[in-house]
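Asks: This one is work-v7.cif, mmCIF, C-alpha atoms.
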data_work
#
loop_
_atom_site.label_atom_id
_atom_site.label_comp_id
_atom_site.auth_asym_id
_atom_site.auth_seq_id
_atom_site.Cartn_x
_atom_site.Cartn_y
_atom_site.Cartn_z
CA MET A 1 23.53 108.46 119.78
CA VAL A 2 24.52 111.91 118.67
CA ASP A 3 21.98 113.12 116.11
CA SER A 4 22.30 116.40 114.22
CA GLU A 5 18.60 116.21 113.37
CA PRO A 6 15.69 117.02 115.73
CA GLU A 7 14.29 113.48 115.39
CA ALA A 8 15.71 110.05 114.54
CA GLY A 9 15.80 108.94 110.91
CA GLY A 10 18.43 111.16 109.32
CA GLN A 11 17.97 112.53 105.82
CA PHE A 12 16.36 109.33 104.54
CA LEU A 13 13.55 108.75 107.01
CA ARG A 14 13.30 112.39 108.15
CA GLY A 15 11.84 111.90 111.60
CA ARG A 16 9.65 109.02 110.50
CA ALA A 17 11.84 106.48 112.29
CA LYS A 18 10.52 105.31 115.61
CA PHE A 19 13.63 105.05 117.73
CA GLU A 20 13.57 104.05 121.35
CA HIS A 21 16.01 101.79 123.11
CA ARG A 22 16.61 101.46 126.81
CA GLY A 23 20.19 102.25 127.54
CA VAL A 24 20.66 104.53 124.53
CA THR A 25 20.71 108.24 125.18
CA HIS A 26 19.54 110.05 122.07
CA LEU A 27 21.10 113.52 121.87
CA LYS A 28 18.88 115.33 119.37
CA ASN A 29 19.80 118.46 117.43
CA THR A 30 23.39 117.96 118.46
CA GLU A 31 26.29 118.39 116.08
CA ALA A 32 29.69 116.80 116.60
CA TRP A 33 32.60 118.94 115.48
CA LEU A 34 35.82 117.11 116.30
CA VAL A 35 37.24 113.69 117.06
CA GLU A 36 40.31 114.09 119.25
CA ASP A 37 41.87 110.75 120.20
CA ARG A 38 39.08 109.02 122.15
CA THR A 39 37.01 112.14 122.70
CA LEU A 40 34.12 113.35 120.58
CA HIS A 41 33.52 117.09 120.85
CA LEU A 42 29.90 118.23 120.58
CA ARG A 43 28.30 121.61 120.28
CA GLY A 44 27.36 122.94 123.65
CA PRO A 45 30.25 122.48 124.37
CA LYS A 46 30.20 118.92 125.60
CA GLN A 47 32.63 116.02 125.32
CA LEU A 48 31.95 112.31 125.08
CA HIS A 49 34.72 109.79 125.73
CA PHE A 50 34.49 106.59 123.73
CA ASP A 51 36.02 103.15 123.33
CA ALA A 52 34.43 102.82 119.90
CA LEU A 53 32.83 105.39 117.64
CA VAL A 54 30.56 104.69 114.66
CA ILE A 55 30.37 107.51 112.13
CA ALA A 56 27.22 107.59 110.00
CA THR A 57 27.29 111.13 108.67
CA GLY A 58 26.08 110.29 105.18
CA ALA A 59 26.63 112.26 102.01
CA TYR A 60 25.24 115.25 100.15
CA ASP A 61 24.59 116.11 96.51
CA ARG A 62 27.49 117.19 94.37
CA PRO A 63 26.22 119.99 92.12
CA LEU A 64 28.06 120.73 88.88
CA PRO A 65 28.04 124.44 87.99
CA PHE A 66 26.54 125.94 84.84
CA PRO A 67 25.48 129.49 83.95
CA GLY A 68 22.61 130.39 86.28
CA TRP A 69 23.09 127.58 88.82
CA ASP A 70 23.67 130.15 91.56
CA GLY A 71 20.47 132.08 90.81
CA PRO A 72 16.94 131.57 92.11
CA GLY A 73 15.15 128.45 90.95
CA VAL A 74 18.04 126.02 91.25
CA ILE A 75 18.33 123.74 94.27
CA THR A 76 19.91 120.34 94.83
CA ALA A 77 17.92 117.18 94.24
CA GLY A 78 18.46 116.39 97.92
CA ALA A 79 16.93 119.73 98.89
CA ALA A 80 13.92 119.02 96.68
CA GLN A 81 13.57 115.61 98.31
CA ALA A 82 13.88 117.07 101.81
CA LEU A 83 11.22 119.68 101.01
CA ALA A 84 8.95 117.06 99.43
CA LYS A 85 9.15 114.96 102.60
CA GLN A 86 7.82 118.04 104.41
CA GLY A 87 5.04 118.34 101.81
CA VAL A 88 6.55 121.42 100.12
CA THR A 89 7.29 122.14 96.47
CA LEU A 90 8.76 125.48 95.51
CA ALA A 91 7.45 125.72 91.95
CA GLU A 92 4.93 124.56 89.40
CA ARG A 93 7.15 123.49 86.50
CA VAL A 94 10.18 121.47 87.59
CA ILE A 95 13.18 119.74 86.04
CA VAL A 96 15.32 117.12 87.77
CA ALA A 97 18.82 116.81 86.29
CA GLY A 98 22.16 115.21 87.04
CA THR A 99 23.25 111.62 87.22
CA GLY A 100 22.33 108.50 89.17
CA PRO A 101 19.19 106.63 90.20
CA PHE A 102 18.51 109.08 93.06
CA LEU A 103 17.00 111.46 90.50
CA LEU A 104 14.06 109.08 90.08
CA PRO A 105 12.63 109.13 93.64
CA VAL A 106 13.09 112.91 93.70
CA ALA A 107 11.13 113.33 90.46
CA THR A 108 8.48 110.91 91.75
CA ALA A 109 8.10 112.88 94.99
CA LEU A 110 7.68 116.15 93.07
CA LEU A 111 5.11 114.59 90.74
CA ASP A 112 3.20 113.18 93.72
CA LEU A 113 2.99 116.69 95.19
CA GLY A 114 1.33 117.94 92.00
CA ALA A 115 4.27 119.57 90.25
CA THR A 116 4.49 119.51 86.45
CA LEU A 117 7.54 117.44 85.59
CA VAL A 118 9.13 119.04 82.52
CA GLY A 119 11.82 116.39 82.37
CA VAL A 120 14.27 114.13 84.19
CA TYR A 121 17.68 114.47 82.56
CA GLU A 122 20.35 111.84 83.17
CA ALA A 123 23.80 112.77 81.86
CA SER A 124 25.12 109.22 81.64
CA SER A 125 24.26 106.60 79.08
CA PRO A 126 22.09 103.70 80.29
CA THR A 127 24.18 101.29 78.20
CA ARG A 128 26.94 101.65 80.80
CA TRP A 129 24.84 99.35 83.02
CA LEU A 130 25.10 96.56 80.43
CA ARG A 131 28.70 96.05 81.57
CA GLU A 132 27.54 95.52 85.16
CA SER A 133 25.62 92.25 84.91
CA LYS A 134 27.32 90.72 87.97
CA ALA A 135 26.25 93.60 90.20
CA VAL A 136 22.75 93.68 88.73
CA LEU A 137 22.20 89.93 89.20
CA ALA A 138 23.32 90.09 92.83
CA ASN A 139 20.89 92.95 93.46
CA ARG A 140 17.71 92.05 91.60
CA HIS A 141 15.61 93.85 94.23
CA LYS A 142 17.11 97.12 92.95
CA ILE A 143 15.55 96.48 89.55
CA ALA A 144 12.20 95.92 91.26
CA GLU A 145 12.70 99.28 92.95
CA LEU A 146 12.94 100.90 89.52
CA ALA A 147 9.36 99.82 88.83
CA SER A 148 8.15 102.01 91.69
CA TYR A 149 9.38 105.03 89.71
CA ARG A 150 7.54 104.08 86.49
CA LYS A 151 5.49 107.29 86.60
CA VAL A 152 8.61 109.33 85.89
CA LEU A 153 10.40 106.94 83.52
CA SER A 154 8.41 108.36 80.60
CA HIS A 155 9.94 111.78 81.41
CA LEU A 156 13.48 110.39 81.55
CA GLU A 157 16.01 111.42 78.89
CA THR A 158 19.52 110.01 79.07
CA ARG A 159 22.77 111.59 77.84
CA THR A 160 21.01 114.87 78.57
CA ALA A 161 21.82 117.74 80.92
CA VAL A 162 20.77 121.21 82.00
CA ILE A 163 23.70 123.41 80.95
CA ALA A 164 22.23 126.90 81.57
CA LYS A 165 19.28 128.64 83.22
CA HIS A 166 18.25 132.25 82.71
CA GLY A 167 14.95 133.10 84.40
CA ASP A 168 12.57 130.32 83.43
CA ARG A 169 14.48 129.58 80.21
CA VAL A 170 16.46 126.39 80.72
CA THR A 171 19.02 125.19 78.19
CA VAL A 172 18.84 121.42 77.87
CA ALA A 173 21.65 119.74 75.95
CA LYS A 174 22.21 116.33 74.45
CA LEU A 175 25.65 115.08 75.48
CA ASP A 176 28.32 112.92 73.94
CA ARG A 177 29.88 110.20 76.08
CA HIS A 178 32.30 112.70 77.63
CA TRP A 179 29.33 114.92 78.59
CA ARG A 180 30.17 117.58 76.00
CA PRO A 181 27.03 119.17 74.56
CA VAL A 182 26.33 118.18 70.96
CA SER A 183 22.97 119.96 70.53
CA HIS A 184 20.62 121.96 72.70
CA ARG A 185 17.07 123.23 73.07
CA THR A 186 15.16 125.52 75.42
CA GLU A 187 12.65 124.31 78.00
CA HIS A 188 10.66 126.44 80.42
CA ALA A 189 10.81 125.62 84.11
CA ASP A 190 10.64 127.54 87.41
CA LEU A 191 12.77 125.09 89.37
CA VAL A 192 15.74 122.92 88.39
CA CYS A 193 16.82 120.29 90.94
CA ILE A 194 20.38 119.09 90.37
CA GLY A 195 22.45 116.21 91.71
CA HIS A 196 25.60 114.94 90.03
CA GLY A 197 26.38 112.14 92.42
CA PHE A 198 27.33 112.63 96.05
CA LEU A 199 30.15 113.83 98.26
CA PRO A 200 30.62 112.11 101.64
CA ARG A 201 30.66 113.96 104.96
CA THR A 202 34.03 112.79 106.21
CA ASP A 203 34.89 115.96 108.18
CA LEU A 204 35.05 114.25 111.57
CA VAL A 205 37.98 112.05 110.55
CA PRO A 206 40.07 114.15 108.14
CA ASN A 207 43.04 111.79 108.47
CA ALA A 208 41.22 108.50 107.84
CA LYS A 209 42.16 106.72 104.63
CA ARG A 210 39.80 107.17 101.69
CA THR A 211 39.23 106.11 98.12
CA ASN A 212 37.63 108.70 95.82
CA ASP A 213 36.78 110.74 98.94
CA PHE A 214 34.76 107.95 100.59
CA LEU A 215 36.06 106.36 103.81
CA ASP A 216 37.89 103.04 103.48
CA VAL A 217 36.62 100.40 105.91
CA ASP A 218 37.61 96.80 106.64
CA GLU A 219 35.19 93.85 106.79
CA ARG A 220 34.14 95.01 110.28
CA GLN A 221 33.47 98.57 109.04
CA GLN A 222 36.50 99.89 110.91
CA THR A 223 38.23 102.89 109.34
CA SER A 224 42.02 103.25 109.25
CA ILE A 225 41.69 104.86 112.69
CA PRO A 226 41.48 102.14 115.37
CA GLY A 227 38.19 102.21 117.27
CA VAL A 228 36.50 104.44 114.69
CA TYR A 229 33.95 102.67 112.50
CA ALA A 230 31.89 104.04 109.62
CA ALA A 231 28.59 102.95 108.09
CA GLY A 232 26.34 104.14 105.31
CA GLU A 233 26.88 106.60 102.48
CA VAL A 234 30.05 107.98 104.05
CA THR A 235 31.74 104.75 102.87
CA GLY A 236 30.18 104.77 99.39
CA ILE A 237 26.81 105.29 97.71
CA GLY A 238 24.78 102.08 97.61
CA GLY A 239 21.32 102.84 98.95
CA ALA A 240 19.47 102.48 102.23
CA ASP A 241 19.63 98.68 102.45
CA LEU A 242 23.43 98.63 102.18
CA ALA A 243 23.68 101.47 104.71
CA GLU A 244 21.53 99.55 107.18
CA ALA A 245 23.55 96.34 106.80
CA GLU A 246 26.78 98.28 107.30
CA GLY A 247 25.30 99.83 110.43
CA ILE A 248 24.46 96.39 111.85
CA ILE A 249 28.03 95.23 111.26
CA ALA A 250 29.63 98.40 112.61
CA GLY A 251 27.44 98.27 115.72
CA ALA A 252 28.26 94.63 116.37
CA ALA A 253 31.98 95.14 115.80
CA ALA A 254 32.06 98.23 118.01
CA ALA A 255 30.49 96.10 120.78
CA HIS A 256 33.06 93.30 120.19
CA GLN A 257 30.39 90.94 118.86
CA GLU A 258 30.40 88.77 115.78
CA PRO A 259 28.38 90.53 113.04
CA PRO A 260 25.40 88.52 111.74
CA ALA A 261 26.16 86.52 108.57
CA ARG A 262 23.12 87.97 106.82
CA ALA A 263 24.40 91.51 107.19
CA LEU A 264 27.85 90.49 105.94
CA GLU A 265 26.26 88.90 102.87
CA ALA A 266 24.07 91.97 102.27
CA VAL A 267 27.14 94.19 102.41
CA ARG A 268 29.07 91.95 100.01
CA LYS A 269 26.25 92.16 97.44
CA GLY A 270 25.49 95.79 98.14
CA ARG A 271 29.10 96.81 97.55
CA LEU A 272 29.00 95.18 94.10
CA PHE A 273 26.05 97.42 93.34
CA ALA A 274 27.72 100.50 94.86
CA GLN A 275 30.85 99.95 92.75
CA ALA A 276 28.79 99.44 89.59
CA LEU A 277 26.81 102.59 90.38
CA ALA A 278 30.02 104.59 90.80
CA ARG A 279 31.32 103.36 87.43
CA ALA A 280 28.05 103.73 85.49
CA HIS A 281 27.41 107.26 86.75
CA ALA A 282 30.98 108.55 86.99
CA ILE A 283 31.26 112.28 86.26
CA GLN A 284 32.76 112.86 82.81
CA PRO A 285 35.07 115.85 82.18
CA GLY A 286 32.93 117.38 79.43
CA TRP A 287 30.89 119.19 82.13
CA GLN A 288 33.73 121.71 82.32
CA THR A 289 32.64 123.08 78.93
CA TRP A 290 29.21 124.05 80.34
CA LEU A 291 30.67 127.09 82.13
CA ASN A 292 31.33 130.55 80.77
CA PRO A 293 34.28 132.58 82.09
CA ASP A 294 31.90 134.49 84.40
CA THR A 295 30.03 131.42 85.69
CA THR A 296 30.16 131.16 89.48
CA VAL A 297 32.20 128.25 90.83
CA CYS A 298 32.24 129.20 94.53
CA ARG A 299 28.82 130.42 95.67
CA CYS A 300 29.92 131.74 99.10
CA GLU A 301 32.72 133.99 97.84
CA LYS A 302 31.30 134.59 94.34
CA VAL A 303 34.40 133.26 92.62
CA SER A 304 33.87 132.66 88.91
CA LEU A 305 35.74 130.42 86.52
CA GLN A 306 37.87 133.29 85.22
CA ASP A 307 38.92 134.16 88.80
CA LEU A 308 40.51 130.75 89.34
CA SER A 309 44.21 131.47 89.23
CA ASP A 310 47.12 129.33 88.15
CA ALA A 311 48.07 127.40 91.24
CA THR A 312 49.80 124.16 92.05
CA SER A 313 47.88 123.18 95.17
CA MET A 314 44.42 123.63 96.65
CA ARG A 315 45.92 125.78 99.38
CA GLU A 316 47.52 128.12 96.88
CA LEU A 317 44.32 128.22 94.81
CA LYS A 318 42.29 129.15 97.89
CA LEU A 319 44.69 131.85 99.01
CA THR A 320 44.88 133.50 95.59
CA SER A 321 41.25 133.22 94.41
CA ARG A 322 39.28 132.83 97.69
CA VAL A 323 37.55 129.77 96.24
CA ALA A 324 36.40 127.46 99.08
CA MET A 325 37.16 130.17 101.67
CA GLY A 326 33.57 131.09 102.47
CA ARG A 327 30.97 129.79 104.88
CA CYS A 328 30.67 126.34 103.31
CA GLN A 329 34.45 125.90 103.44
CA GLY A 330 34.53 124.27 100.03
CA ARG A 331 31.90 121.65 100.69
CA ILE A 332 30.07 122.63 97.51
CA CYS A 333 32.84 124.02 95.29
CA ALA A 334 36.25 122.59 96.23
CA ARG A 335 35.96 119.38 94.25
CA ASN A 336 34.68 121.22 91.17
CA ALA A 337 37.38 123.90 91.47
CA ALA A 338 40.06 121.21 91.66
CA GLU A 339 38.81 119.55 88.49
CA LEU A 340 38.44 122.85 86.63
CA THR A 341 42.05 123.80 87.39
CA GLY A 342 43.59 120.34 87.19
CA ILE A 343 44.91 120.65 90.73
CA PRO A 344 44.94 117.35 92.63
CA PHE A 345 41.97 117.31 95.03
CA ASP A 346 43.22 116.85 98.57
CA GLY A 347 39.90 115.63 99.95
CA GLN A 348 37.72 117.45 102.38
CA ARG A 349 40.17 118.35 105.11
CA ARG A 350 38.80 120.58 107.81
CA VAL A 351 39.95 120.56 111.40
CA ILE A 352 36.51 121.59 112.64
CA ALA A 353 33.55 119.76 111.12
CA VAL A 354 30.85 122.37 111.83
CA PRO A 355 31.17 126.06 112.69
CA ILE A 356 31.26 126.78 116.40
CA PRO A 357 31.15 130.12 118.20
CA LEU A 358 34.46 131.20 119.75
CA GLY A 359 32.70 131.32 123.10
CA GLU A 360 32.25 127.54 122.99
CA LEU A 361 35.93 127.02 122.24
CA ALA A 362 36.82 129.31 125.14
CA ALA A 363 34.52 127.32 127.43
CA LEU A 364 36.41 124.08 126.84
CA PRO A 365 38.22 122.72 129.89
CA GLU A 366 41.89 123.67 129.94
CA GLU A 367 44.31 120.97 128.94
CA PRO A 368 47.01 120.07 131.44
CA SER A 369 50.23 121.58 130.15
CA MET B 1 3.18 130.28 109.04
CA LYS B 2 3.14 134.03 109.68
CA VAL B 3 6.71 135.27 110.03
CA THR B 4 8.67 138.51 109.88
CA PHE B 5 11.39 138.52 107.23
CA ASN B 6 13.73 141.51 107.07
CA GLY B 7 11.09 143.58 108.84
CA LEU B 8 8.16 142.64 106.59
CA GLN B 9 5.27 140.28 107.32
CA HIS B 10 5.13 137.12 105.21
CA GLU B 11 2.96 134.03 105.17
CA VAL B 12 4.93 130.99 104.00
CA SER B 13 4.81 127.23 104.39
CA HIS B 14 8.60 126.81 104.39
CA VAL B 15 11.61 129.02 105.06
CA ALA B 16 12.93 128.10 101.60
CA GLU B 17 10.27 130.36 100.05
CA LEU B 18 11.91 133.39 101.68
CA LEU B 19 15.39 132.62 100.40
CA PRO B 20 15.34 132.08 96.62
CA GLY B 21 18.86 131.65 95.29
CA ARG B 22 20.16 131.08 98.82
CA PHE B 23 18.26 127.98 99.92
CA PHE B 24 20.24 125.39 97.95
CA CYS B 25 21.34 122.11 99.58
CA GLY B 26 18.49 121.90 102.09
CA ILE B 27 20.52 119.83 104.58
CA GLY B 28 22.87 122.27 106.30
CA VAL B 29 25.94 121.81 104.10
CA CYS B 30 26.07 124.79 101.71
CA PHE B 31 25.43 127.55 104.29
CA GLY B 32 23.61 129.58 101.61
CA CYS B 33 20.57 130.05 103.84
CA VAL B 34 22.41 131.39 106.90
CA ALA B 35 20.25 133.98 108.65
CA GLU B 36 19.56 135.51 112.06
CA ILE B 37 16.52 133.73 113.46
CA ASN B 38 14.79 135.03 116.60
CA GLY B 39 17.93 136.89 117.60
CA VAL B 40 20.30 133.93 117.13
CA PRO B 41 22.94 134.74 114.50
CA GLU B 42 24.41 132.39 111.90
CA VAL B 43 21.55 129.88 111.85
CA ARG B 44 21.28 127.64 108.81
CA ALA B 45 17.64 128.37 108.09
CA CYS B 46 17.08 125.00 106.39
CA ARG B 47 17.76 123.31 109.73
CA HIS B 48 15.24 125.49 111.56
CA GLN B 49 11.67 124.32 112.09
CA LEU B 50 9.64 127.40 111.15
CA ARG B 51 7.01 128.57 113.65
CA ASP B 52 4.40 131.32 113.72
CA GLY B 53 5.94 134.58 114.89
CA ASP B 54 9.52 133.75 113.88
CA VAL B 55 11.67 136.77 113.09
CA ILE B 56 14.20 136.13 110.32
CA ARG B 57 16.86 138.54 109.15
CA THR B 58 19.38 138.34 106.35
CA LYS B 59 20.15 142.07 106.37
CA PRO B 60 21.30 144.22 109.28
#
What would the structure in this file look like if it were written as structure tokens?
Replies:
Amino acid sequence: MVDSEPEAGGQFLRGRAKFEHRGVTHLKNTEAWLVEDRTLHLRGPKQLHFDALVIATGAYDRPLPFPGWDGPGVITAGAAQALAKQGVTLAERVIVAGTGPFLLPVATALLDLGATLVGVYEASSPTRWLRESKAVLANRHKIAELASYRKVLSHLETRTAVIAKHGDRVTVAKLDRHWRPVSHRTEHADLVCIGHGFLPRTDLVPNAKRTNDFLDVDERQQTSIPGVYAAGEVTGIGGADLAEAEGIIAGAAAAHQEPPARALEAVRKGRLFAQALARAHAIQPGWQTWLNPDTTVCRCEKVSLQDLSDATSMRELKLTSRVAMGRCQGRICARNAAELTGIPFDGQRRVIAVPIPLGELAALPEEPS
Amino acid sequence: MKVTFNGLQHEVSHVAELLPGRFFCGIGVCFGCVAEINGVPEVRACRHQLRDGDVIRTKP
């Protein structure tokens, strides 16, 4: 088990998982950077040869840019959640903004740590869920989960977004159904936590088939690459219970066993919910009107909206504007830049999944020529 | 934790407090918080468990 974190539990349980299993070697603090045929390359360098590989790399917040999003006092909702799990808040007055139910546990965690919750702003309209009765009925436990966030529901405003931040002055807008601002007001907050859905971490298998960036898997969780399975948020956003059920199936299939019927049923229901979630909280194009010409799109290379050149492909756009050419290699900005320019997004294609020193590359065993 | 940040002494509970505007995703994806920590270059600070005596640099 190759784990990029220092302890088991990933981003969700954050070291609170008790993992011990005879026969499983847990490689902690170890990042994998390449899948090459049946070899997994790890930092070190070290190679593992596999018959089956299960990828459970998860997803991260997609942040939509607005004036001031690259300044102090703006972090992702996931960052706020990660800090909260370590007992840390960065500010007194906080706003949580974006789209999707994940905003609610983040706001709850901040409130529990004593922060003043100025507001929770959901860009989508709750009425979108009325069209999803099939998914809701199959996942009644998710509605029960909502009740655990009741403390923050009174702070929740829908069809609302943060569209600018200057110092502690935060511009909060009411949106139409395309997410174009129709009116706005000023709130005061020291910290704005944003999350406009999620982007999957698919870097290890850049050539695997995907739908809307997320990895396609069959009923045994196998990707389009034979012997490579995927489980959890990297296949779609559906919550921890779906991720766990997918993991059970992927593990069984990778070991050539029949997956338990209960897990298969949980995945069937969970996917209904995941698909409904994706529809109800789909990003609407009106966000593109939140930016000014000088609003940063690419944080690493400080590329603003006006610097994005006319281009016909992502490659051309990168070469002419330097967008997505910095340290994050487009993880944060590439998708947004593609939408802002109308260039088809070619997915997150990187040959190397995490940065590695050249010395480690040089230390790799020589291939027979 | 008592740490040295760009040559100055600081007392912080999390590395994020030292990097406003740079600490962003919190999970090692955005690379905004990259710093030299205890002589090791190019460390994503958000992935580093802060300890007393750590020396963190974002400037040469």
Asks: Rank A:Pro181, A:Gly98, A:Ala353, A:Leu317 by their smallest atom-to-atom distance to Ala338 (chain A), using all atoms listed in the file, and report the top residue only.
Replies: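 Under the stated criterion, the closest residue is A:Leu317.
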Asks: Could you state the separation of CA of Glu36 (chain A) and CA of Lys209 (chain A) in Å, given to one decimal place?
Replies: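 The value is 16.5 Å.
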Asks: Going by the chain IDs and residue numbers used in this file, which residues fall under the PyMOL selection byres ((chain A and resi 264) around 12)? Write them as an MDAnalysis selection string.
Replies: chainID A and resid 218:221 242:250 252:253 258:263 265:271
Asks: Mind listing as a list in words which residues of chain A are within 7 Å of chain B, counting all atoms listed in the file?
Replies: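 The complete set of qualifying residues is Asp70, Gly71, Pro72, Gly73, Val74, Ile75, Thr76, Gly78, Ala79, Ala82, Leu90, Arg327, Cys328, Arg331 and Ile332 of chain A.
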Asks: Please expand the PyMOL selection byres ((chain A and resi 169-178) around 10) into the concrete residues it hits in this file, giving the result as a short mmCIF file (atom, residue, chain, number, x, y, z; two decimals) with C-alpha atoms, in the coordinates of the input.
Replies:
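Saved result, selection19.cif, follows:
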data_model
loop_
_atom_site.label_atom_id
_atom_site.label_comp_id
_atom_site.auth_asym_id
_atom_site.auth_seq_id
_atom_site.Cartn_x
_atom_site.Cartn_y
_atom_site.Cartn_z
CA PRO A 67 25.48 129.49 83.95
CA GLY A 68 22.61 130.39 86.28
CA ILE A 95 13.18 119.74 86.04
CA ALA A 97 18.82 116.81 86.29
CA GLY A 119 11.82 116.39 82.37
CA TYR A 121 17.68 114.47 82.56
CA GLU A 122 20.35 111.84 83.17
CA ALA A 123 23.80 112.77 81.86
CA SER A 124 25.12 109.22 81.64
CA SER A 125 24.26 106.60 79.08
CA GLU A 157 16.01 111.42 78.89
CA THR A 158 19.52 110.01 79.07
CA ARG A 159 22.77 111.59 77.84
CA THR A 160 21.01 114.87 78.57
CA ALA A 161 21.82 117.74 80.92
CA VAL A 162 20.77 121.21 82.00
CA ILE A 163 23.70 123.41 80.95
CA ALA A 164 22.23 126.90 81.57
CA LYS A 165 19.28 128.64 83.22
CA HIS A 166 18.25 132.25 82.71
CA GLY A 167 14.95 133.10 84.40
CA ASP A 168 12.57 130.32 83.43
CA TRP A 179 29.33 114.92 78.59
CA ARG A 180 30.17 117.58 76.00
CA PRO A 181 27.03 119.17 74.56
CA VAL A 182 26.33 118.18 70.96
CA SER A 183 22.97 119.96 70.53
CA HIS A 184 20.62 121.96 72.70
CA ARG A 185 17.07 123.23 73.07
CA THR A 186 15.16 125.52 75.42
CA GLU A 187 12.65 124.31 78.00
CA HIS A 188 10.66 126.44 80.42
CA ALA A 189 10.81 125.62 84.11
CA ASP A 190 10.64 127.54 87.41
CA LEU A 191 12.77 125.09 89.37
CA VAL A 192 15.74 122.92 88.39
CA ILE A 283 31.26 112.28 86.26
CA GLN A 284 32.76 112.86 82.81
CA PRO A 285 35.07 115.85 82.18
CA GLY A 286 32.93 117.38 79.43
CA TRP A 287 30.89 119.19 82.13
CA TRP A 290 29.21 124.05 80.34
#
Asks: List the residues selected by the PyMOL selection byres ((chain A and resi 84) around 10) in the file shown, writing them as a PyMOL selection string.
Replies: chain A and resi 78-83+85-90+106-113
Asks: When you draw a straight line from CA of Thr289 (chain A) to CA of Arg335 (chain A), how long is it in Å?
Replies: 16.1 Å
Asks: In Å, with one decimal, what is the gap from CA of Leu361 (chain A) to CA of Arg349 (chain A)?
Replies: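 CA of Arg349 (chain A) lies 19.7 Å from CA of Leu361 (chain A).
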Asks: Might you pull out every residue within 10 Å of Glu233 (chain A), with all atoms listed in the file counted and same-chain residues fewer than 2 positions away left off, and present them as a list of chain:residue names?
Replies: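 Selected residues are A:Ala56, A:Thr57, A:Gly58, A:Ala59, A:Tyr60, A:Phe198, A:Leu199, A:Pro200, A:Arg201, A:Phe214, A:Leu215, A:Ala230, A:Ala231, A:Thr235, A:Gly236, A:Ile237, A:Gly238, A:Gly239, A:Ala240, A:Leu242, A:Ala243, A:Glu246, A:Ala274.
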Asks: Would you mind telling me which residue in A:Val54, A:Ser224, A:Asp346, A:Leu204 lies nearest to Leu42 (chain A) when using only C-alpha atoms?
Replies: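 Of A:Val54, A:Ser224, A:Asp346, A:Leu204, the one nearest Leu42 (chain A), counting only C-alpha atoms, is A:Leu204.
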Asks: Contacts of Val55 (chain B) at 7 Å or less, counting all atoms listed in the file, minus same-chain residues fewer than 4 places along, as number ranges by chain?
Replies: B: 3-5, 37-38
Asks: Residues near Phe19 (chain A), anyone? I mean within 12 Å using only C-alpha atoms, not counting same-chain ones fewer than 5 positions away, as a VMD selection string.
Replies: chain A and resid 1 3 7 to 10 13 24 to 26 28
Asks: Would you compute the box with edges along x, y and z of the file around region 12-15 of chain B, including every atom the file lists for it and 6 Å extra on each side, and give its centre and edge lengths in Å to one decimal, as AutoDock Vina command-line options?
Replies:
--center_x 8.2 --center_y 128.9 --center_z 104.5 --size_x 18.8 --size_y 16.2 --size_z 13.1
Asks: Considering only C-alpha atoms, return as a PyMOL selection string whatever protein or nucleic-acid residues lie within 12 Å of Arg150 (chain A), sequence-local ones (same chain, fewer than 4 positions apart) excluded.
Replies: chain A and resi 104-105+107-108+111+143-146+154-156
Asks: List the neighbours of Ile56 (chain B) out to 10 Å using all atoms listed in the file; skip same-chain residues closer than 4 positions along the sequence, and give me the result as a PyMOL selection string.
Replies: chain B and resi 3-8+15+18+35-41+43+45+50
Asks: Next, the residues of the selection above should be written as a compact mmCIF listing (two decimals), in the frame of the given file with C-alpha atoms.
Replies:
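out_5.txt was written with the following content:
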# COMPACT_ATOMS: atom_id res chain seq x y z
CA VAL B 3 6.71 135.27 110.03
CA THR B 4 8.67 138.51 109.88
CA PHE B 5 11.39 138.52 107.23
CA ASN B 6 13.73 141.51 107.07
CA GLY B 7 11.09 143.58 108.84
CA LEU B 8 8.16 142.64 106.59
CA VAL B 15 11.61 129.02 105.06
CA LEU B 18 11.91 133.39 101.68
CA ALA B 35 20.25 133.98 108.65
CA GLU B 36 19.56 135.51 112.06
CA ILE B 37 16.52 133.73 113.46
CA ASN B 38 14.79 135.03 116.60
CA GLY B 39 17.93 136.89 117.60
CA VAL B 40 20.30 133.93 117.13
CA PRO B 41 22.94 134.74 114.50
CA VAL B 43 21.55 129.88 111.85
CA ALA B 45 17.64 128.37 108.09
CA LEU B 50 9.64 127.40 111.15
Asks: Which one is closest to Val35 (chain A): A:Arg299, A:His49, A:Arg22, A:Arg93? Count all atoms listed in the file.
Replies: A:His49
Asks: Taking (32.4, 96.2, 88.6) in the coordinates of the supplied file, I want to know which residues reach to within 10 Å of it, counting only C-alpha atoms; could you give the answer as a tab-separated table (two decimals) with C-alpha atoms, in the coordinates of the input?
Replies:
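And here is the file that came out, out.tsv:
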chain	number	residue	atom	x	y	z
A	129	TRP	CA	24.84	99.35	83.02
A	131	ARG	CA	28.70	96.05	81.57
A	132	GLU	CA	27.54	95.52	85.16
A	133	SER	CA	25.62	92.25	84.91
A	134	LYS	CA	27.32	90.72	87.97
A	135	ALA	CA	26.25	93.60	90.20
A	136	VAL	CA	22.75	93.68	88.73
A	271	ARG	CA	29.10	96.81	97.55
A	272	LEU	CA	29.00	95.18	94.10
A	273	PHE	CA	26.05	97.42	93.34
A	274	ALA	CA	27.72	100.50	94.86
A	275	GLN	CA	30.85	99.95	92.75
A	276	ALA	CA	28.79	99.44	89.59
A	277	LEU	CA	26.81	102.59	90.38
A	278	ALA	CA	30.02	104.59	90.80
A	279	ARG	CA	31.32	103.36	87.43
A	280	ALA	CA	28.05	103.73	85.49
